[in-house]
Amino acid sequence: MREATSGPLVLDVRGRPGPPPLRFVRARDGGPPALHLGERPLTRARWHGDGCCRELHLRRLPGYRSPLPPLRAASMRDPAADWRHRCARWLEDSPHGPLHDGRWSLTTRASFAPGIWTEDFVRDWPDTVLELLCGGGWHGVLPLRPLSPPDTPRVKAYRKHVRDGTLAPVLLWWVSFLDGRLILDGHDRAVAALAEGTEPPCTVLARLPDEAEWRRTADAVTEWHADALATLPYDEAPTPLWPPADGA
């Protein structure tokens, strides 16, 4: 079901109790959760440091598959394309996506806070270190596969779309424990936009609070918090962590 709002496109997913194919799995030893696609781990990680300022030493593993189909040049040039609805349909149909029961938002983003696509955009592969600061989070963008060089034929084709203003958005997934975003689709499109000196257009997927949850919060807020009440149904909710499979 798709909720009509004046802001994000909101999906009310039902009949998918999970776990979804793409998911974060809780570590048995209290360490960082690992991203899995099916039974295959896509990340390994460990914490360094204590308290507010911790480092996440992260290694990404091969095997990631985008939940979106390959995009054709003609579809990117369609001026009537609503990429939020296209991404919603593809995510609903994908065997490799993160959707499960609950409310989700797809939001169009044309700009981000300074640094997200520069010093906080992870270009190293496969290993990286993310600094998670207390009260500030990380806020960056994490690719799930190696980035292509800017002069490869595919990226050069996307760079022309950047110059023409027809580049399809990069699909990002906001993850709460990182306070950052993963690239679900559009690694080469991101490289192309940055090579042309601009930030890529994006569609951001995020988990939203369930209705019962945000209504409980609303009941605890007095009437003079009208602005806060209006945003409660669309505030980002924590990313669920799923239990490891038996014997994992």
# chains A, B, ... in the order shown; residues from 1 in each chain; ligands from 1
>>> residues_around(residues="region 120-126 of chain A", least_positions_apart="2", cutoff="9 Å", atoms="only C-alpha atoms", output="PDB file with C-alpha atoms, in the first residue's frame")
ATOM      1  CA  LEU A  58      34.723  -2.632   8.080  1.00  0.00           C
ATOM      2  CA  ARG A  59      35.497  -5.063   5.263  1.00  0.00           C
ATOM      3  CA  ARG A  60      33.018  -5.480   2.407  1.00  0.00           C
ATOM      4  CA  LEU A  61      32.833  -8.863   0.710  1.00  0.00           C
ATOM      5  CA  PRO A  62      31.912  -9.745  -2.899  1.00  0.00           C
ATOM      6  CA  GLY A 115      31.157  16.528   3.310  1.00  0.00           C
ATOM      7  CA  ILE A 116      28.771  13.644   2.662  1.00  0.00           C
ATOM      8  CA  TRP A 117      29.857  13.221  -0.973  1.00  0.00           C
ATOM      9  CA  THR A 118      33.478  14.299  -0.390  1.00  0.00           C
ATOM     10  CA  THR A 128      37.562   1.150   5.414  1.00  0.00           C
ATOM     11  CA  LEU A 130      34.165   4.723   9.814  1.00  0.00           C
ATOM     12  CA  TRP A 138      28.903   9.264  10.687  1.00  0.00           C
ATOM     13  CA  HIS A 139      26.553  10.643   7.960  1.00  0.00           C
ATOM     14  CA  GLY A 140      28.524   9.325   4.971  1.00  0.00           C
ATOM     15  CA  VAL A 141      27.805   7.147   1.929  1.00  0.00           C
ATOM     16  CA  LEU A 142      29.070   3.556   1.727  1.00  0.00           C
ATOM     17  CA  PRO A 143      29.309   1.677  -1.614  1.00  0.00           C
ATOM     18  CA  ARG A 145      30.847  -2.869  -4.559  1.00  0.00           C
ATOM     19  CA  PRO A 146      34.105  -1.428  -5.959  1.00  0.00           C
ATOM     20  CA  LEU A 147      33.748   1.916  -7.701  1.00  0.00           C
TER      21      LEU A 147
END
>>> residues_around(residues="Leu133 (chain A)", least_positions_apart="4", cutoff="10 Å", atoms="only C-alpha atoms", output="PyMOL selection string")
chain A and resi 51-55+137-139+178-179
>>> atom_distance(atom1="CA of Pro201 (chain A)", atom2="CA of Ala110 (chain A)")
4.9 Å
>>> closest_residue(among="A:Val10, A:Ala245, A:Ala157, A:Leu42", to="Arg103 (chain A)", atoms="only C-alpha atoms")
A:Val10
>>> closest_residue(among="A:Asp12, A:Asp78, A:Asp101, A:Asp50", to="His161 (chain A)", atoms="only C-alpha atoms")
A:Asp78
>>> closest_residue(among="A:Val129, A:Pro98, A:Pro200, A:Leu91", to="His36 (chain A)", atoms="only C-alpha atoms")
A:Pro98
>>> residues_around(residues="Pro95 (chain A)", least_positions_apart="2", cutoff="9 Å", atoms="only C-alpha atoms", output="NGL selection string")
:A and (20-22 or 67 or 91-93 or 97)
>>> atom_distance(atom1="CA of Pro17 (chain A)", atom2="CA of Leu171 (chain A)")
23.3 Å
>>> atom_distance(atom1="CA of Pro244 (chain A)", atom2="CA of Arg23 (chain A)")
10.6 Å
>>> closest_residue(among="A:Trp242, A:Phe24, A:Trp174, A:Phe112", to="Arg207 (chain A)", atoms="only C-alpha atoms")
A:Trp174
>>> residues_around(residues="Phe177 (chain A)", least_positions_apart="4", cutoff="10 Å", atoms="only C-alpha atoms", output="list of chain:residue names")
A:Pro32, A:Pro33, A:Leu132, A:Gly137, A:Trp138, A:Pro238, A:Thr239, A:Pro240, A:Leu241
>>> select_by_dssp(residues="region 4-104 of chain A", states="strand (DSSP E or B)", output="PyMOL selection string")
chain A and resi 9-13+22-25+34-37+40-41+43-48+54-60+102-104
>>> closest_residue(among="A:Gly197, A:Gly15, A:Pro169, A:Gly180", to="Trp83 (chain A)", atoms="only C-alpha atoms")
A:Pro169
>>> select_by_dssp(residues="region 32-182 of chain A", states="alpha helix (DSSP H)", output="ChimeraX atom specification")
/A:73-76,83-93,153-164
>>> decode(residues="region 44-90 of chain A", atoms="N, CA and C atoms", output="PDB file, in the first residue's frame")
ATOM      1  N   ARG A  44      32.095  -7.736   7.091  1.00  0.00           N
ATOM      2  CA  ARG A  44      32.632  -8.163   8.373  1.00  0.00           C
ATOM      3  C   ARG A  44      33.170  -6.918   9.050  1.00  0.00           C
ATOM      4  N   ALA A  45      33.005  -6.828  10.364  1.00  0.00           N
ATOM      5  CA  ALA A  45      33.388  -5.590  11.029  1.00  0.00           C
ATOM      6  C   ALA A  45      33.739  -5.852  12.483  1.00  0.00           C
ATOM      7  N   ARG A  46      34.442  -4.890  13.069  1.00  0.00           N
ATOM      8  CA  ARG A  46      34.731  -4.932  14.500  1.00  0.00           C
ATOM      9  C   ARG A  46      34.832  -3.497  15.006  1.00  0.00           C
ATOM     10  N   TRP A  47      34.477  -3.333  16.277  1.00  0.00           N
ATOM     11  CA  TRP A  47      34.565  -2.026  16.922  1.00  0.00           C
ATOM     12  C   TRP A  47      35.980  -1.784  17.427  1.00  0.00           C
ATOM     13  N   HIS A  48      36.399  -0.525  17.386  1.00  0.00           N
ATOM     14  CA  HIS A  48      37.617  -0.077  18.055  1.00  0.00           C
ATOM     15  C   HIS A  48      37.258   1.141  18.887  1.00  0.00           C
ATOM     16  N   GLY A  49      37.678   1.134  20.143  1.00  0.00           N
ATOM     17  CA  GLY A  49      37.394   2.264  21.012  1.00  0.00           C
ATOM     18  C   GLY A  49      36.158   2.023  21.857  1.00  0.00           C
ATOM     19  N   ASP A  50      35.947   2.906  22.836  1.00  0.00           N
ATOM     20  CA  ASP A  50      34.823   2.795  23.759  1.00  0.00           C
ATOM     21  C   ASP A  50      34.129   4.144  23.877  1.00  0.00           C
ATOM     22  N   GLY A  51      32.940   4.099  24.473  1.00  0.00           N
ATOM     23  CA  GLY A  51      32.226   5.325  24.756  1.00  0.00           C
ATOM     24  C   GLY A  51      31.664   5.976  23.506  1.00  0.00           C
ATOM     25  N   CYS A  52      31.694   7.312  23.515  1.00  0.00           N
ATOM     26  CA  CYS A  52      31.059   8.067  22.439  1.00  0.00           C
ATOM     27  C   CYS A  52      31.784   7.923  21.108  1.00  0.00           C
ATOM     28  N   CYS A  53      33.094   7.964  21.135  1.00  0.00           N
ATOM     29  CA  CYS A  53      33.854   7.971  19.886  1.00  0.00           C
ATOM     30  C   CYS A  53      34.387   6.561  19.628  1.00  0.00           C
ATOM     31  N   ARG A  54      33.804   5.923  18.622  1.00  0.00           N
ATOM     32  CA  ARG A  54      34.234   4.576  18.261  1.00  0.00           C
ATOM     33  C   ARG A  54      34.524   4.513  16.772  1.00  0.00           C
ATOM     34  N   GLU A  55      35.415   3.617  16.414  1.00  0.00           N
ATOM     35  CA  GLU A  55      35.707   3.371  15.015  1.00  0.00           C
ATOM     36  C   GLU A  55      35.141   2.014  14.623  1.00  0.00           C
ATOM     37  N   LEU A  56      34.542   1.975  13.448  1.00  0.00           N
ATOM     38  CA  LEU A  56      34.059   0.723  12.899  1.00  0.00           C
ATOM     39  C   LEU A  56      35.012   0.317  11.776  1.00  0.00           C
ATOM     40  N   HIS A  57      35.779  -0.742  12.023  1.00  0.00           N
ATOM     41  CA  HIS A  57      36.681  -1.272  11.005  1.00  0.00           C
ATOM     42  C   HIS A  57      35.884  -2.269  10.174  1.00  0.00           C
ATOM     43  N   LEU A  58      35.693  -1.939   8.915  1.00  0.00           N
ATOM     44  CA  LEU A  58      34.723  -2.632   8.080  1.00  0.00           C
ATOM     45  C   LEU A  58      35.385  -3.193   6.830  1.00  0.00           C
ATOM     46  N   ARG A  59      35.088  -4.448   6.534  1.00  0.00           N
ATOM     47  CA  ARG A  59      35.497  -5.063   5.263  1.00  0.00           C
ATOM     48  C   ARG A  59      34.234  -5.489   4.515  1.00  0.00           C
ATOM     49  N   ARG A  60      34.129  -5.044   3.257  1.00  0.00           N
ATOM     50  CA  ARG A  60      33.018  -5.480   2.407  1.00  0.00           C
ATOM     51  C   ARG A  60      33.463  -6.670   1.561  1.00  0.00           C
ATOM     52  N   LEU A  61      32.552  -7.611   1.403  1.00  0.00           N
ATOM     53  CA  LEU A  61      32.833  -8.863   0.710  1.00  0.00           C
ATOM     54  C   LEU A  61      32.106  -8.882  -0.632  1.00  0.00           C
ATOM     55  N   PRO A  62      32.598  -9.675  -1.610  1.00  0.00           N
ATOM     56  CA  PRO A  62      31.912  -9.745  -2.899  1.00  0.00           C
ATOM     57  C   PRO A  62      30.576 -10.463  -2.773  1.00  0.00           C
ATOM     58  N   GLY A  63      29.696 -10.218  -3.743  1.00  0.00           N
ATOM     59  CA  GLY A  63      28.418 -10.923  -3.768  1.00  0.00           C
ATOM     60  C   GLY A  63      27.203 -10.036  -3.737  1.00  0.00           C
ATOM     61  N   TYR A  64      27.399  -8.705  -3.630  1.00  0.00           N
ATOM     62  CA  TYR A  64      26.231  -7.820  -3.597  1.00  0.00           C
ATOM     63  C   TYR A  64      25.532  -7.801  -4.945  1.00  0.00           C
ATOM     64  N   ARG A  65      24.202  -7.786  -4.922  1.00  0.00           N
ATOM     65  CA  ARG A  65      23.391  -7.675  -6.127  1.00  0.00           C
ATOM     66  C   ARG A  65      22.369  -6.567  -5.931  1.00  0.00           C
ATOM     67  N   SER A  66      22.269  -5.670  -6.898  1.00  0.00           N
ATOM     68  CA  SER A  66      21.324  -4.567  -6.790  1.00  0.00           C
ATOM     69  C   SER A  66      19.891  -5.087  -6.841  1.00  0.00           C
ATOM     70  N   PRO A  67      18.985  -4.477  -6.059  1.00  0.00           N
ATOM     71  CA  PRO A  67      17.570  -4.860  -6.146  1.00  0.00           C
ATOM     72  C   PRO A  67      16.864  -4.240  -7.347  1.00  0.00           C
ATOM     73  N   LEU A  68      17.529  -3.362  -8.092  1.00  0.00           N
ATOM     74  CA  LEU A  68      16.931  -2.714  -9.246  1.00  0.00           C
ATOM     75  C   LEU A  68      17.441  -3.337 -10.538  1.00  0.00           C
ATOM     76  N   PRO A  69      16.622  -3.347 -11.586  1.00  0.00           N
ATOM     77  CA  PRO A  69      17.082  -3.851 -12.880  1.00  0.00           C
ATOM     78  C   PRO A  69      18.010  -2.840 -13.542  1.00  0.00           C
ATOM     79  N   PRO A  70      18.779  -3.257 -14.562  1.00  0.00           N
ATOM     80  CA  PRO A  70      19.601  -2.292 -15.310  1.00  0.00           C
ATOM     81  C   PRO A  70      18.727  -1.205 -15.928  1.00  0.00           C
ATOM     82  N   LEU A  71      19.217   0.018 -15.909  1.00  0.00           N
ATOM     83  CA  LEU A  71      18.455   1.152 -16.438  1.00  0.00           C
ATOM     84  C   LEU A  71      18.846   1.427 -17.880  1.00  0.00           C
ATOM     85  N   ARG A  72      17.861   1.644 -18.717  1.00  0.00           N
ATOM     86  CA  ARG A  72      18.105   1.986 -20.113  1.00  0.00           C
ATOM     87  C   ARG A  72      18.188   3.498 -20.274  1.00  0.00           C
ATOM     88  N   ALA A  73      18.979   3.928 -21.262  1.00  0.00           N
ATOM     89  CA  ALA A  73      19.161   5.355 -21.493  1.00  0.00           C
ATOM     90  C   ALA A  73      17.837   6.040 -21.786  1.00  0.00           C
ATOM     91  N   ALA A  74      16.964   5.378 -22.551  1.00  0.00           N
ATOM     92  CA  ALA A  74      15.684   6.000 -22.907  1.00  0.00           C
ATOM     93  C   ALA A  74      14.825   6.247 -21.680  1.00  0.00           C
ATOM     94  N   SER A  75      14.864   5.317 -20.710  1.00  0.00           N
ATOM     95  CA  SER A  75      14.054   5.506 -19.503  1.00  0.00           C
ATOM     96  C   SER A  75      14.565   6.668 -18.673  1.00  0.00           C
ATOM     97  N   MET A  76      15.873   6.919 -18.695  1.00  0.00           N
ATOM     98  CA  MET A  76      16.418   8.041 -17.936  1.00  0.00           C
ATOM     99  C   MET A  76      16.047   9.373 -18.578  1.00  0.00           C
ATOM    100  N   ARG A  77      15.808   9.368 -19.876  1.00  0.00           N
ATOM    101  CA  ARG A  77      15.469  10.614 -20.574  1.00  0.00           C
ATOM    102  C   ARG A  77      13.978  10.926 -20.520  1.00  0.00           C
ATOM    103  N   ASP A  78      13.195  10.057 -19.905  1.00  0.00           N
ATOM    104  CA  ASP A  78      11.748  10.280 -19.818  1.00  0.00           C
ATOM    105  C   ASP A  78      11.464  11.424 -18.854  1.00  0.00           C
ATOM    106  N   PRO A  79      10.965  12.562 -19.346  1.00  0.00           N
ATOM    107  CA  PRO A  79      10.752  13.708 -18.445  1.00  0.00           C
ATOM    108  C   PRO A  79       9.632  13.486 -17.436  1.00  0.00           C
ATOM    109  N   ALA A  80       8.771  12.503 -17.688  1.00  0.00           N
ATOM    110  CA  ALA A  80       7.646  12.258 -16.780  1.00  0.00           C
ATOM    111  C   ALA A  80       7.964  11.207 -15.725  1.00  0.00           C
ATOM    112  N   ALA A  81       9.206  10.726 -15.700  1.00  0.00           N
ATOM    113  CA  ALA A  81       9.554   9.637 -14.770  1.00  0.00           C
ATOM    114  C   ALA A  81       9.468  10.107 -13.325  1.00  0.00           C
ATOM    115  N   ASP A  82       8.753   9.364 -12.511  1.00  0.00           N
ATOM    116  CA  ASP A  82       8.749   9.567 -11.063  1.00  0.00           C
ATOM    117  C   ASP A  82       9.575   8.434 -10.477  1.00  0.00           C
ATOM    118  N   TRP A  83      10.821   8.733 -10.153  1.00  0.00           N
ATOM    119  CA  TRP A  83      11.750   7.682  -9.758  1.00  0.00           C
ATOM    120  C   TRP A  83      11.402   7.074  -8.421  1.00  0.00           C
ATOM    121  N   ARG A  84      10.693   7.799  -7.570  1.00  0.00           N
ATOM    122  CA  ARG A  84      10.282   7.194  -6.294  1.00  0.00           C
ATOM    123  C   ARG A  84       9.332   6.022  -6.543  1.00  0.00           C
ATOM    124  N   HIS A  85       8.345   6.227  -7.428  1.00  0.00           N
ATOM    125  CA  HIS A  85       7.386   5.159  -7.712  1.00  0.00           C
ATOM    126  C   HIS A  85       8.050   4.021  -8.473  1.00  0.00           C
ATOM    127  N   ARG A  86       8.971   4.350  -9.386  1.00  0.00           N
ATOM    128  CA  ARG A  86       9.691   3.291 -10.088  1.00  0.00           C
ATOM    129  C   ARG A  86      10.504   2.444  -9.114  1.00  0.00           C
ATOM    130  N   CYS A  87      11.230   3.114  -8.219  1.00  0.00           N
ATOM    131  CA  CYS A  87      12.032   2.373  -7.244  1.00  0.00           C
ATOM    132  C   CYS A  87      11.146   1.542  -6.326  1.00  0.00           C
ATOM    133  N   ALA A  88       9.992   2.096  -5.943  1.00  0.00           N
ATOM    134  CA  ALA A  88       9.076   1.342  -5.082  1.00  0.00           C
ATOM    135  C   ALA A  88       8.636   0.060  -5.764  1.00  0.00           C
ATOM    136  N   ARG A  89       8.259   0.151  -7.032  1.00  0.00           N
ATOM    137  CA  ARG A  89       7.794  -1.043  -7.743  1.00  0.00           C
ATOM    138  C   ARG A  89       8.915  -2.067  -7.866  1.00  0.00           C
ATOM    139  N   TRP A  90      10.115  -1.600  -8.203  1.00  0.00           N
ATOM    140  CA  TRP A  90      11.237  -2.531  -8.345  1.00  0.00           C
ATOM    141  C   TRP A  90      11.599  -3.174  -7.011  1.00  0.00           C
TER     142      TRP A  90
END
